[in-house]
2 protein chains.
Amino acid sequence: MRERLPPLVKPATRKITLAVDVVVLSPRSDALAVLLARSAPGGRERWSLPWDAPMPGEAFEDAASRITEASLGSAPALLEQVGAFADARRHPGDADVSVGVVALTPPAELSSLASAEWFSLSALPPLAPRHRAIVDRAITVARQRVDQSPLAFRLLPPTFTLSDLQGIYELLLGRRLHKASFRRALQASYLVEPTDEWRSEGRGRPAQLFRYAPRKRRGARRGVRFDLFTEG
Amino acid sequence: MRERLPPLVKPATRKITLAVDVVVLSPRSDALAVLLARSAPGGRERWSLPWDAPMPGEAFEDAASRITEASLGSAPALLEQVGAFADARRHPGDADVSVGVVALTPPAELSSLASAEWFSLSALPPLAPRHRAIVDRAITVARQRVDQSPLAFRLLPPTFTLSDLQGIYELLLGRRLHKASFRRALQASYLVEPTDEWRSEGRGRPAQLFRYAPRKRRGARRGVRFDLFTEG
DNA sequence: GCGAATTAGTAACGAAGTGTCACTAATGTC
DNA sequence: GACATTAGTGACACTTCGTTACTAATTCGC
């Protein structure tokens, strides 16, 4: 086993086809929703993630932004690559390799002309296996990033109530949070500032509107957490 | 802006070349080290990440394992993809796109025959720009994962002292930790169990050896942390 | 042999953070 | 006007965390 030496120079001879597949996420009536594009290859209605081949020299995130805009009508608020996927030939366009990108956008109505629709995560139509895997990975990545980056704020309009914000966190984390604790932690973070507007929505006391405005940056050097391991 | 409709079916026509580039990390004399392969294209000594084109149908992680084994002599303890990279034509093998993979392995001596060497992260030789980017990304990913997965244990031999473990965490996090706090948190996590062996290493009191043996799984449902945002 | 230096390991205290309950406030509904 | 509903806050108990200060076991220099 010792005499196997690495090749010094080996040309990457094999040519393959590449696609960028985008998972556009948005909150929609108390659930996370994914944007799917209609495609009817054989008369039956089928759905797939919006995708395209990147143009020569185009960065993956730029391609994802372009692809999102084509289906949604506007550019997403945040993009992040979630990895490359290669299970052989399970892509709607038969691409050998897909680069998955997750895109976040506040709730928005679709043009009724557009050949795309929102689907609740819990009620997705059948997808190509690779697209299924990319969606799952995108959700996992979003969930992991939730308290590393201000991701939740990208799923909301510029001003929002604290209950809205808490709702987004609950959607992303998949569990309920306690109101008082949530607000206390948010207060201590200096991430939002109140506006002087209030929103009355049906019954109950009107809620103050806030905007995302990170002010301080506490160099919060914390210890190590051993209790966050997600898997064996 | 409304009339732009997504293409229903668009073949991914462009063919490209693909490489898997591996960042093999290991602790080496109080610093993280990267495994680089020697390549001497023009007489001058040059270095690059171990890489190869994936074989048809081979998963990226499998390719990365194979590539690591060719340079290191053994398979790594943990592999994780860190993304696709596409800056045009800055790859040593001229691959259009690279899939970056980070591999972790305990300290190991290299065969002196092998055309690969360990380089401290702080003293890397010049690399192709894309390889530079993949190394940086690999470090970032490893640092982010440190308390989401038992990554640090993959950089240690099967048994280790708690000071060893703390040292790995300090290498990965890039800052010093307090001994008492570190041990208290580790104790509460039920991740390690003591062996009945002790190791005396030069001066000082001998240290007990532990092994990684996660026992309980506290469903530690914690609140939201707003103070961990890493960037604007 | 013996003290100094060095590394391992723990107890305990004060500060900060977190889960929870209970309350007040402002609106719509009947 | 009573009630349901949603927003927002105060306070208490409990946990967690950073830190200091200590004890324990070994090697080194003399």
# chains A, B, ... in the order shown; residues from 1 in each chain; ligands from 1
call {"tool": "residues_around", "arguments": {"residues": "stretch 16-23 of chain C", "least_positions_apart": "3", "cutoff": "12 Å", "atoms": "only C-alpha atoms (C1' of nucleotides)", "output": "ChimeraX atom specification"}}
result
/A:177-185,188,222 /B:221-225 /D:8-18
call {"tool": "select_by_dssp", "arguments": {"residues": "stretch 13-158 of chain B", "states": "alpha helix (DSSP H)", "output": "VMD selection string"}}
result
chain B and resid 60 to 72 129 to 145
call {"tool": "write_last_selection", "arguments": {"atoms": "N, CA and C atoms", "output": "PDB file, in the first residue's frame"}}
result
ATOM      1  N   PHE B  60     -18.870  12.036  -4.878  1.00  0.00           N
ATOM      2  CA  PHE B  60     -17.770  12.957  -4.592  1.00  0.00           C
ATOM      3  C   PHE B  60     -16.991  12.532  -3.355  1.00  0.00           C
ATOM      4  N   GLU B  61     -17.726  12.108  -2.325  1.00  0.00           N
ATOM      5  CA  GLU B  61     -17.038  11.704  -1.090  1.00  0.00           C
ATOM      6  C   GLU B  61     -16.177  10.454  -1.338  1.00  0.00           C
ATOM      7  N   ASP B  62     -16.665   9.552  -2.162  1.00  0.00           N
ATOM      8  CA  ASP B  62     -15.866   8.372  -2.478  1.00  0.00           C
ATOM      9  C   ASP B  62     -14.603   8.759  -3.241  1.00  0.00           C
ATOM     10  N   ALA B  63     -14.773   9.661  -4.182  1.00  0.00           N
ATOM     11  CA  ALA B  63     -13.606  10.130  -4.927  1.00  0.00           C
ATOM     12  C   ALA B  63     -12.608  10.785  -3.976  1.00  0.00           C
ATOM     13  N   ALA B  64     -13.139  11.597  -3.050  1.00  0.00           N
ATOM     14  CA  ALA B  64     -12.251  12.287  -2.105  1.00  0.00           C
ATOM     15  C   ALA B  64     -11.498  11.287  -1.235  1.00  0.00           C
ATOM     16  N   SER B  65     -12.180  10.227  -0.838  1.00  0.00           N
ATOM     17  CA  SER B  65     -11.533   9.210  -0.018  1.00  0.00           C
ATOM     18  C   SER B  65     -10.410   8.534  -0.807  1.00  0.00           C
ATOM     19  N   ARG B  66     -10.703   8.205  -2.042  1.00  0.00           N
ATOM     20  CA  ARG B  66      -9.691   7.586  -2.905  1.00  0.00           C
ATOM     21  C   ARG B  66      -8.494   8.513  -3.105  1.00  0.00           C
ATOM     22  N   ILE B  67      -8.760   9.783  -3.346  1.00  0.00           N
ATOM     23  CA  ILE B  67      -7.690  10.750  -3.590  1.00  0.00           C
ATOM     24  C   ILE B  67      -6.839  10.930  -2.337  1.00  0.00           C
ATOM     25  N   THR B  68      -7.513  10.994  -1.178  1.00  0.00           N
ATOM     26  CA  THR B  68      -6.780  11.139   0.076  1.00  0.00           C
ATOM     27  C   THR B  68      -5.874   9.939   0.305  1.00  0.00           C
ATOM     28  N   GLU B  69      -6.426   8.758   0.067  1.00  0.00           N
ATOM     29  CA  GLU B  69      -5.655   7.553   0.314  1.00  0.00           C
ATOM     30  C   GLU B  69      -4.414   7.487  -0.580  1.00  0.00           C
ATOM     31  N   ALA B  70      -4.548   8.007  -1.789  1.00  0.00           N
ATOM     32  CA  ALA B  70      -3.402   7.972  -2.701  1.00  0.00           C
ATOM     33  C   ALA B  70      -2.248   8.833  -2.188  1.00  0.00           C
ATOM     34  N   SER B  71      -2.556   9.923  -1.528  1.00  0.00           N
ATOM     35  CA  SER B  71      -1.496  10.802  -1.051  1.00  0.00           C
ATOM     36  C   SER B  71      -1.066  10.487   0.375  1.00  0.00           C
ATOM     37  N   LEU B  72      -2.018  10.036   1.186  1.00  0.00           N
ATOM     38  CA  LEU B  72      -1.770   9.886   2.617  1.00  0.00           C
ATOM     39  C   LEU B  72      -1.427   8.448   2.975  1.00  0.00           C
ATOM     40  N   PRO B 129      -5.071  29.974  -7.321  1.00  0.00           N
ATOM     41  CA  PRO B 129      -6.079  30.786  -6.628  1.00  0.00           C
ATOM     42  C   PRO B 129      -7.300  29.970  -6.190  1.00  0.00           C
ATOM     43  N   ARG B 130      -7.735  29.065  -7.036  1.00  0.00           N
ATOM     44  CA  ARG B 130      -8.912  28.301  -6.639  1.00  0.00           C
ATOM     45  C   ARG B 130      -8.614  27.383  -5.461  1.00  0.00           C
ATOM     46  N   HIS B 131      -7.408  26.828  -5.426  1.00  0.00           N
ATOM     47  CA  HIS B 131      -7.047  25.978  -4.297  1.00  0.00           C
ATOM     48  C   HIS B 131      -6.950  26.781  -3.007  1.00  0.00           C
ATOM     49  N   ARG B 132      -6.463  27.989  -3.109  1.00  0.00           N
ATOM     50  CA  ARG B 132      -6.445  28.898  -1.976  1.00  0.00           C
ATOM     51  C   ARG B 132      -7.860  29.088  -1.421  1.00  0.00           C
ATOM     52  N   ALA B 133      -8.776  29.338  -2.330  1.00  0.00           N
ATOM     53  CA  ALA B 133     -10.164  29.589  -1.925  1.00  0.00           C
ATOM     54  C   ALA B 133     -10.776  28.352  -1.275  1.00  0.00           C
ATOM     55  N   ILE B 134     -10.448  27.188  -1.805  1.00  0.00           N
ATOM     56  CA  ILE B 134     -11.012  25.963  -1.250  1.00  0.00           C
ATOM     57  C   ILE B 134     -10.458  25.706   0.143  1.00  0.00           C
ATOM     58  N   VAL B 135      -9.167  25.968   0.336  1.00  0.00           N
ATOM     59  CA  VAL B 135      -8.586  25.820   1.672  1.00  0.00           C
ATOM     60  C   VAL B 135      -9.285  26.753   2.656  1.00  0.00           C
ATOM     61  N   ASP B 136      -9.432  28.017   2.276  1.00  0.00           N
ATOM     62  CA  ASP B 136     -10.081  28.976   3.176  1.00  0.00           C
ATOM     63  C   ASP B 136     -11.500  28.523   3.523  1.00  0.00           C
ATOM     64  N   ARG B 137     -12.219  28.077   2.514  1.00  0.00           N
ATOM     65  CA  ARG B 137     -13.588  27.634   2.737  1.00  0.00           C
ATOM     66  C   ARG B 137     -13.615  26.403   3.646  1.00  0.00           C
ATOM     67  N   ALA B 138     -12.665  25.502   3.442  1.00  0.00           N
ATOM     68  CA  ALA B 138     -12.625  24.288   4.260  1.00  0.00           C
ATOM     69  C   ALA B 138     -12.413  24.632   5.729  1.00  0.00           C
ATOM     70  N   ILE B 139     -11.524  25.586   5.982  1.00  0.00           N
ATOM     71  CA  ILE B 139     -11.282  25.997   7.366  1.00  0.00           C
ATOM     72  C   ILE B 139     -12.544  26.615   7.959  1.00  0.00           C
ATOM     73  N   THR B 140     -13.183  27.478   7.189  1.00  0.00           N
ATOM     74  CA  THR B 140     -14.409  28.111   7.671  1.00  0.00           C
ATOM     75  C   THR B 140     -15.468  27.070   8.009  1.00  0.00           C
ATOM     76  N   VAL B 141     -15.644  26.102   7.110  1.00  0.00           N
ATOM     77  CA  VAL B 141     -16.642  25.067   7.343  1.00  0.00           C
ATOM     78  C   VAL B 141     -16.293  24.259   8.586  1.00  0.00           C
ATOM     79  N   ALA B 142     -15.024  23.863   8.713  1.00  0.00           N
ATOM     80  CA  ALA B 142     -14.622  23.086   9.878  1.00  0.00           C
ATOM     81  C   ALA B 142     -14.897  23.876  11.158  1.00  0.00           C
ATOM     82  N   ARG B 143     -14.587  25.155  11.131  1.00  0.00           N
ATOM     83  CA  ARG B 143     -14.778  25.989  12.312  1.00  0.00           C
ATOM     84  C   ARG B 143     -16.263  26.096  12.669  1.00  0.00           C
ATOM     85  N   GLN B 144     -17.099  26.207  11.633  1.00  0.00           N
ATOM     86  CA  GLN B 144     -18.540  26.309  11.882  1.00  0.00           C
ATOM     87  C   GLN B 144     -19.116  25.002  12.411  1.00  0.00           C
ATOM     88  N   ARG B 145     -18.575  23.887  11.970  1.00  0.00           N
ATOM     89  CA  ARG B 145     -19.136  22.588  12.355  1.00  0.00           C
ATOM     90  C   ARG B 145     -18.706  22.155  13.741  1.00  0.00           C
TER      91      ARG B 145
END
call {"tool": "interface_residues", "arguments": {"of": "chain A", "to": "chain C", "cutoff": "8 Å", "atoms": "only C-alpha atoms (C1' of nucleotides)", "output": "list in words"}}
result
Ser181, Ser200, Gly202, Arg203, Gly204, Arg205 and Pro206 of chain A
call {"tool": "select_by_dssp", "arguments": {"residues": "stretch 16-167 of chain A", "states": "strand (DSSP E)", "output": "ChimeraX atom specification"}}
result
/A:16-27,32-42,44-48,51-52,78-85,97-104,116-120,159-161
call {"tool": "interface_residues", "arguments": {"of": "chain D", "to": "chain A", "cutoff": "8 Å", "atoms": "only C-alpha atoms (C1' of nucleotides)", "output": "PyMOL selection string"}}
result
chain D and resi 5-7+17
call {"tool": "residues_around", "arguments": {"residues": "A:Phe160", "least_positions_apart": "2", "cutoff": "8 Å", "atoms": "only C-alpha atoms (C1' of nucleotides)", "output": "ChimeraX atom specification"}}
result
/A:156-158,162,164-165,209-211
call {"tool": "write_last_selection", "arguments": {"atoms": "C-alpha atoms", "output": "compact mmCIF listing (two decimals), in the first residue's frame"}}
result
# COMPACT_ATOMS: atom_id res chain seq x y z
CA LEU A 156 -39.69 39.05 6.08
CA PRO A 157 -40.64 42.40 4.57
CA PRO A 158 -38.53 45.42 5.60
CA LEU A 162 -41.91 40.64 16.65
CA ASP A 164 -43.88 37.70 12.70
CA LEU A 165 -40.20 37.27 13.43
CA LEU A 209 -43.40 47.31 13.65
CA PHE A 210 -39.67 46.80 13.78
CA ARG A 211 -36.93 46.87 11.20
call {"tool": "interface_residues", "arguments": {"of": "chain B", "to": "chain A", "cutoff": "6 Å", "atoms": "only C-alpha atoms", "output": "list in words"}}
result
Pro6, Leu8, Pro11, Ala12, Lys15, Ile16, Thr17, Ser39, Ala53, Ala70, Ser71, Gly83, Gly93, Asp147, Gln148, Ser149, Ser189, Arg225, Phe226, Asp227, Leu228 and Phe229 of chain B
call {"tool": "closest_residue", "arguments": {"among": "B:Ser120, B:Thr105, B:Thr159, B:Thr195", "to": "B:Val34", "atoms": "only C-alpha atoms"}}
result
B:Ser120
call {"tool": "atom_distance", "arguments": {"atom1": "atom CA of A:Ile168", "atom2": "atom CA of A:Pro27"}}
result
7.4 Å
call {"tool": "atom_distance", "arguments": {"atom1": "atom CA of A:Leu121", "atom2": "atom CA of A:Val24"}}
result
11.3 Å
call {"tool": "atom_distance", "arguments": {"atom1": "atom CA of A:Trp47", "atom2": "atom CA of A:Ala77"}}
result
23.5 Å
call {"tool": "residues_around", "arguments": {"residues": "B:Ala103", "least_positions_apart": "6", "cutoff": "7 Å", "atoms": "only C-alpha atoms (C1' of nucleotides)", "output": "MDAnalysis selection string"}}
result
chainID B and resid 22:25 76 78:80
